[in-house]
Structures are given as C-alpha cells and as structure tokens.
file entry13.csv (CSV, C-alpha atoms and all ligand atoms)
chain,number,residue,atom,x,y,z
A,13,MET,CA,0.0,0.0,0.0
A,14,ALA,CA,1.3,3.4,-1.0
A,15,SER,CA,0.5,7.0,0.2
A,16,ILE,CA,-0.6,9.0,-2.8
A,17,GLY,CA,-1.3,12.8,-3.1
A,18,LEU,CA,-3.9,13.8,-5.6
A,19,VAL,CA,-4.0,17.4,-7.0
A,20,ALA,CA,-5.6,19.0,-10.1
A,21,HIS,CA,-5.8,22.6,-11.2
A,22,ASP,CA,-9.2,23.9,-12.0
A,23,ASP,CA,-9.2,23.3,-15.7
A,24,LYS,CA,-8.0,19.7,-15.0
A,25,LYS,CA,-10.5,18.8,-12.3
A,26,ASP,CA,-12.9,17.1,-14.7
A,27,ASP,CA,-10.0,15.0,-16.0
A,28,MET,CA,-9.0,14.1,-12.4
A,29,ALA,CA,-12.5,13.1,-11.4
A,30,ALA,CA,-12.8,10.9,-14.5
A,31,TRP,CA,-9.4,9.4,-14.0
A,32,ALA,CA,-10.1,8.6,-10.4
A,33,LEU,CA,-13.4,7.0,-11.3
A,34,ALA,CA,-11.8,4.9,-13.9
A,35,ASN,CA,-9.1,3.8,-11.4
A,36,ALA,CA,-11.2,3.7,-8.3
A,37,GLU,CA,-10.6,0.1,-7.5
A,38,ARG,CA,-6.8,0.4,-7.8
A,39,LEU,CA,-6.8,3.7,-5.8
A,40,SER,CA,-8.8,2.1,-3.0
A,41,ARG,CA,-5.8,-0.1,-2.2
A,42,HIS,CA,-3.8,3.0,-1.2
A,43,THR,CA,-3.9,5.8,1.4
A,44,LEU,CA,-5.1,8.9,-0.4
A,45,PHE,CA,-4.5,12.6,0.3
A,46,ALA,CA,-5.7,15.5,-1.8
A,47,THR,CA,-5.8,19.2,-1.9
A,48,GLY,CA,-9.2,20.6,-0.7
A,49,THR,CA,-11.2,21.1,-3.9
A,50,THR,CA,-9.7,18.3,-5.8
A,51,GLY,CA,-10.4,16.0,-2.9
A,52,GLY,CA,-14.1,17.0,-2.8
A,53,ARG,CA,-14.4,16.3,-6.5
A,54,ILE,CA,-12.8,12.9,-6.2
A,55,GLU,CA,-15.0,12.0,-3.2
A,56,ALA,CA,-18.1,13.0,-5.1
A,57,ALA,CA,-17.2,11.2,-8.3
A,58,THR,CA,-15.9,7.9,-6.7
A,59,GLY,CA,-17.0,7.6,-3.0
A,60,LEU,CA,-13.3,6.9,-2.2
A,61,SER,CA,-12.2,7.9,1.3
A,62,LEU,CA,-9.3,10.3,1.4
A,63,THR,CA,-7.8,13.0,3.6
A,64,ARG,CA,-8.5,16.5,2.3
A,65,LEU,CA,-5.8,19.1,2.9
A,66,LYS,CA,-6.2,22.8,2.5
A,67,SER,CA,-7.1,24.1,-1.0
A,68,GLY,CA,-4.0,24.6,-3.2
A,69,PRO,CA,-4.0,28.5,-3.1
A,70,LEU,CA,-4.4,28.4,0.7
A,71,GLY,CA,-1.4,26.1,1.3
A,72,GLY,CA,-2.5,22.6,0.2
A,73,ASP,CA,0.5,22.2,-2.2
A,74,ALA,CA,2.8,23.3,0.6
A,75,GLN,CA,1.2,20.7,2.9
A,76,LEU,CA,1.9,18.0,0.4
A,77,GLY,CA,5.5,19.3,0.1
A,78,ALA,CA,5.9,19.0,3.8
A,79,MET,CA,4.6,15.4,3.7
A,80,ILE,CA,7.2,14.6,1.1
A,81,VAL,CA,9.9,16.0,3.4
A,82,GLU,CA,8.6,13.9,6.3
A,83,GLY,CA,8.6,10.7,4.2
A,84,LYS,CA,4.9,10.4,4.3
A,85,LEU,CA,4.2,10.4,0.5
A,86,ASP,CA,5.2,7.8,-2.0
A,87,ALA,CA,3.7,9.3,-5.1
A,88,ILE,CA,1.9,12.4,-6.4
A,89,VAL,CA,-0.6,12.6,-9.2
A,90,PHE,CA,-0.8,16.3,-10.1
A,91,PHE,CA,-2.8,17.2,-13.2
A,92,ILE,CA,-1.2,20.5,-13.9
A,93,ASP,CA,-2.8,23.2,-16.2
A,94,PRO,CA,0.1,24.4,-18.3
A,95,LEU,CA,-1.9,27.2,-19.9
A,96,THR,CA,-3.1,29.2,-16.9
A,97,ALA,CA,-1.1,31.5,-14.6
A,98,MET,CA,-1.6,30.6,-10.9
A,99,PRO,CA,-1.4,33.0,-7.9
A,100,HIS,CA,0.3,30.2,-5.9
A,101,ASP,CA,2.8,29.2,-8.6
A,102,VAL,CA,5.6,29.4,-6.1
A,103,ASP,CA,3.9,26.7,-4.1
A,104,VAL,CA,3.4,24.5,-7.2
A,105,LYS,CA,7.1,25.0,-8.0
A,106,ALA,CA,8.1,24.1,-4.5
A,107,LEU,CA,6.0,20.9,-4.6
A,108,THR,CA,7.6,19.9,-7.9
A,109,ARG,CA,11.1,20.7,-6.6
A,110,LEU,CA,10.6,18.6,-3.4
A,111,ALA,CA,9.1,15.7,-5.3
A,112,THR,CA,12.2,15.8,-7.5
A,113,LEU,CA,14.6,16.2,-4.6
A,114,TYR,CA,13.2,13.4,-2.6
A,115,ASP,CA,12.8,11.2,-5.7
A,116,ILE,CA,9.2,10.3,-5.3
A,117,LEU,CA,6.9,9.2,-8.1
A,118,PHE,CA,5.5,12.4,-9.7
A,119,ALA,CA,2.9,12.1,-12.4
A,120,CYS,CA,1.8,15.4,-14.0
A,121,ASN,CA,-0.4,14.1,-16.8
A,122,LYS,CA,-2.8,11.2,-17.3
A,123,SER,CA,-0.5,8.9,-19.3
A,124,THR,CA,2.1,9.0,-16.5
A,125,ALA,CA,-0.5,8.7,-13.8
A,126,ASP,CA,-1.7,5.4,-15.5
A,127,ALA,CA,1.9,4.1,-15.6
A,128,VAL,CA,2.5,5.1,-11.9
A,129,LEU,CA,-0.7,3.5,-10.7
A,130,ALA,CA,0.1,0.3,-12.6
A,131,ALA,CA,3.5,0.2,-11.0
A,132,ILE,CA,2.6,0.6,-7.3
B,201,LIG,O1,-4.5,24.7,-6.7
B,201,LIG,C1,-4.3,23.5,-6.6
B,201,LIG,C2,-2.9,22.9,-6.9
B,201,LIG,O2,-1.9,23.9,-7.1
B,201,LIG,C3,-5.3,22.5,-6.3
B,201,LIG,O3,-6.0,23.0,-5.2
B,201,LIG,P1,-7.5,22.6,-5.0
B,201,LIG,O4,-7.6,21.1,-5.2
B,201,LIG,O5,-8.0,23.1,-3.7
B,201,LIG,O6,-8.2,23.3,-6.1
call {"tool": "encode", "arguments": {"input": "entry13.csv", "output": "structure tokens", "more": "lines below"}}
Ligand SMILES: O=C(CO)COP(=O)(O)O
result
Amino acid sequence: MASIGLVAHDDKKDDMAAWALANAERLSRHTLFATGTTGGRIEAATGLSLTRLKSGPLGGDAQLGAMIVEGKLDAIVFFIDPLTAMPHDVDVKALTRLATLYDILFACNKSTADAVLAAI
C-alpha cells in the first residue's frame, strides 16, 4: 500500500474526477491525500475515502510538500494546467522541486498517472 497525493488545477479537475473514477478500484488499495477542492471532486465522483488538505492556493500544495519532506508520501498525481497562470505558482514549483529532490513518483499528466498506478 502506498500513500498518494492527488491534485488538479481547476481546468483539469474534470479530468482528475474521470481518471479517479476509472481507477477507483486500484486507488482504493492505497492511502489517499488530496488538496481541498480536488479531494471534494474525487470523493463526489468515486466515493473513495481520502484525507482532504487545504485548498492549493491556501497552502495545500505546501502541505503535500511538507509530507514529502517527512517521508509520508510515495507518489503524487498532479494534473497541472500548463496554460493558466496561478497565484500560488511558487507553491506549485516548491512541490515539484521537493518531489524531484526526494525522488518520489510524480505524475503530472494522465499517461504518466496510468503508468504510476500500474507500478505501485
Ligand atoms: O491549486 C491546486 C494545486 O496547485 C489545487 O487545489 P484545489 O484542489 O484546492 O483546487
């Protein structure tokens, strides 16, 4: 069983809800964390139980980053919107940096998320 963080920017939340629904059985084998709004969408779409952190712009990405530093996350699935500027871009960058630094699985699109979920 792995600990997985789930995040999606606003334009990607429909994709995340659909991906989580399509992979609900596999995801249910793991311990799930999500930023606030993303987590609500996943819960509504799938009924999966997960821990909801703060919303991204209010520190949810930073909370996931701290969990990486503390060794509490094995993987992140983060459906990033590459076409929209974010007020909390520094937090997104920090999360990306920490996932890289601590060498955890980090999927930022659906194809990679499929591969990661198949591997853990
Ligand atoms: O903004 C986010 C990631 O940077 C996601 O946060 P929410 O899931 O709360 O929308």
call {"tool": "residues_around", "arguments": {"input": "entry13.csv", "residues": "A:Gly83", "least_positions_apart": "4", "cutoff": "9 Å", "atoms": "all atoms listed in the file", "output": "ChimeraX atom specification"}}
result
/A:78-79,114
call {"tool": "residues_near_ligand", "arguments": {"input": "entry13.csv", "ligand": "ligand LIG 201 (chain B)", "cutoff": "7 Å", "atoms": "all atoms listed in the file", "output": "number ranges by chain"}}
result
A: 19-22, 46-51, 66-69, 72-73, 100, 104
call {"tool": "closest_residue", "arguments": {"input": "entry13.csv", "among": "A:Leu70, A:Ala14, A:Met28, A:Ala36", "to": "A:Ile116", "atoms": "only C-alpha atoms"}}
result
A:Ala14
call {"tool": "atom_distance", "arguments": {"input": "entry13.csv", "atom1": "atom CA of A:Gln75", "atom2": "atom CA of A:Leu110"}}
result
11.5 Å
call {"tool": "atom_distance", "arguments": {"input": "entry13.csv", "atom1": "atom CA of A:Leu76", "atom2": "atom CA of A:Leu33"}}
result
22.2 Å
call {"tool": "residues_near_point", "arguments": {"input": "entry13.csv", "point": "(-0.4, 12.3, -18.4)", "cutoff": "12 Å", "atoms": "all atoms listed in the file", "output": "NGL selection string"}}
result
:A and (20 or 24 or 27-28 or 31 or 89-93 or 118-129)
call {"tool": "closest_residue", "arguments": {"input": "entry13.csv", "among": "A:Ser15, A:Thr63, A:Thr108, A:Thr58", "to": "A:Ala30", "atoms": "only C-alpha atoms"}}
result
A:Thr58
call {"tool": "atom_distance", "arguments": {"input": "entry13.csv", "atom1": "atom CA of A:Leu39", "atom2": "atom CA of A:Glu55"}}
result
12.0 Å
call {"tool": "build_atoms", "arguments": {"input": "entry13.csv", "residues": "stretch 76-99 of chain A", "atoms": "N, CA and C atoms", "output": "PDB file, in the frame of the given file"}}
result
ATOM      1  N   LEU A  76       1.407  19.194   1.034  1.00  0.00           N
ATOM      2  CA  LEU A  76       1.900  18.000   0.400  1.00  0.00           C
ATOM      3  C   LEU A  76       3.424  17.997   0.316  1.00  0.00           C
ATOM      4  N   GLY A  77       4.010  19.185   0.072  1.00  0.00           N
ATOM      5  CA  GLY A  77       5.500  19.300   0.100  1.00  0.00           C
ATOM      6  C   GLY A  77       6.049  18.891   1.417  1.00  0.00           C
ATOM      7  N   ALA A  78       5.417  19.354   2.501  1.00  0.00           N
ATOM      8  CA  ALA A  78       5.900  19.000   3.800  1.00  0.00           C
ATOM      9  C   ALA A  78       5.784  17.496   4.078  1.00  0.00           C
ATOM     10  N   MET A  79       4.722  16.902   3.567  1.00  0.00           N
ATOM     11  CA  MET A  79       4.600  15.400   3.700  1.00  0.00           C
ATOM     12  C   MET A  79       5.678  14.697   3.001  1.00  0.00           C
ATOM     13  N   ILE A  80       6.088  15.203   1.837  1.00  0.00           N
ATOM     14  CA  ILE A  80       7.200  14.600   1.100  1.00  0.00           C
ATOM     15  C   ILE A  80       8.466  14.635   1.987  1.00  0.00           C
ATOM     16  N   VAL A  81       8.736  15.820   2.538  1.00  0.00           N
ATOM     17  CA  VAL A  81       9.900  16.000   3.400  1.00  0.00           C
ATOM     18  C   VAL A  81       9.930  15.047   4.556  1.00  0.00           C
ATOM     19  N   GLU A  82       8.749  14.802   5.099  1.00  0.00           N
ATOM     20  CA  GLU A  82       8.600  13.900   6.300  1.00  0.00           C
ATOM     21  C   GLU A  82       8.543  12.452   5.904  1.00  0.00           C
ATOM     22  N   GLY A  83       8.670  12.148   4.622  1.00  0.00           N
ATOM     23  CA  GLY A  83       8.600  10.700   4.200  1.00  0.00           C
ATOM     24  C   GLY A  83       7.268  10.127   4.222  1.00  0.00           C
ATOM     25  N   LYS A  84       6.224  10.949   4.139  1.00  0.00           N
ATOM     26  CA  LYS A  84       4.900  10.400   4.300  1.00  0.00           C
ATOM     27  C   LYS A  84       4.131  10.261   2.939  1.00  0.00           C
ATOM     28  N   LEU A  85       4.796  10.536   1.840  1.00  0.00           N
ATOM     29  CA  LEU A  85       4.200  10.400   0.500  1.00  0.00           C
ATOM     30  C   LEU A  85       5.071   9.533  -0.377  1.00  0.00           C
ATOM     31  N   ASP A  86       4.477   8.590  -1.085  1.00  0.00           N
ATOM     32  CA  ASP A  86       5.200   7.800  -2.000  1.00  0.00           C
ATOM     33  C   ASP A  86       5.071   8.287  -3.468  1.00  0.00           C
ATOM     34  N   ALA A  87       3.952   8.941  -3.728  1.00  0.00           N
ATOM     35  CA  ALA A  87       3.700   9.300  -5.100  1.00  0.00           C
ATOM     36  C   ALA A  87       2.712  10.534  -5.115  1.00  0.00           C
ATOM     37  N   ILE A  88       2.819  11.314  -6.171  1.00  0.00           N
ATOM     38  CA  ILE A  88       1.900  12.400  -6.400  1.00  0.00           C
ATOM     39  C   ILE A  88       1.331  12.309  -7.809  1.00  0.00           C
ATOM     40  N   VAL A  89       0.028  12.438  -7.927  1.00  0.00           N
ATOM     41  CA  VAL A  89      -0.600  12.600  -9.200  1.00  0.00           C
ATOM     42  C   VAL A  89      -1.128  14.042  -9.261  1.00  0.00           C
ATOM     43  N   PHE A  90      -0.520  14.856 -10.096  1.00  0.00           N
ATOM     44  CA  PHE A  90      -0.800  16.300 -10.100  1.00  0.00           C
ATOM     45  C   PHE A  90      -1.158  16.656 -11.572  1.00  0.00           C
ATOM     46  N   PHE A  91      -2.441  16.790 -11.869  1.00  0.00           N
ATOM     47  CA  PHE A  91      -2.800  17.200 -13.200  1.00  0.00           C
ATOM     48  C   PHE A  91      -2.709  18.720 -13.293  1.00  0.00           C
ATOM     49  N   ILE A  92      -1.586  19.122 -13.840  1.00  0.00           N
ATOM     50  CA  ILE A  92      -1.200  20.500 -13.900  1.00  0.00           C
ATOM     51  C   ILE A  92      -1.840  21.168 -15.158  1.00  0.00           C
ATOM     52  N   ASP A  93      -2.327  22.380 -15.015  1.00  0.00           N
ATOM     53  CA  ASP A  93      -2.800  23.200 -16.200  1.00  0.00           C
ATOM     54  C   ASP A  93      -1.635  23.988 -16.674  1.00  0.00           C
ATOM     55  N   PRO A  94      -1.110  23.651 -17.846  1.00  0.00           N
ATOM     56  CA  PRO A  94       0.100  24.400 -18.300  1.00  0.00           C
ATOM     57  C   PRO A  94      -0.262  25.672 -19.040  1.00  0.00           C
ATOM     58  N   LEU A  95      -1.536  26.027 -19.104  1.00  0.00           N
ATOM     59  CA  LEU A  95      -1.900  27.200 -19.900  1.00  0.00           C
ATOM     60  C   LEU A  95      -2.496  28.347 -19.083  1.00  0.00           C
ATOM     61  N   THR A  96      -2.490  28.197 -17.767  1.00  0.00           N
ATOM     62  CA  THR A  96      -3.100  29.200 -16.900  1.00  0.00           C
ATOM     63  C   THR A  96      -2.106  29.644 -15.825  1.00  0.00           C
ATOM     64  N   ALA A  97      -1.958  30.963 -15.627  1.00  0.00           N
ATOM     65  CA  ALA A  97      -1.100  31.500 -14.600  1.00  0.00           C
ATOM     66  C   ALA A  97      -1.795  31.266 -13.207  1.00  0.00           C
ATOM     67  N   MET A  98      -1.025  30.860 -12.203  1.00  0.00           N
ATOM     68  CA  MET A  98      -1.600  30.600 -10.900  1.00  0.00           C
ATOM     69  C   MET A  98      -1.035  31.571  -9.851  1.00  0.00           C
ATOM     70  N   PRO A  99      -1.887  32.089  -8.967  1.00  0.00           N
ATOM     71  CA  PRO A  99      -1.400  33.000  -7.900  1.00  0.00           C
ATOM     72  C   PRO A  99      -0.402  32.292  -6.981  1.00  0.00           C
TER      73      PRO A  99
END
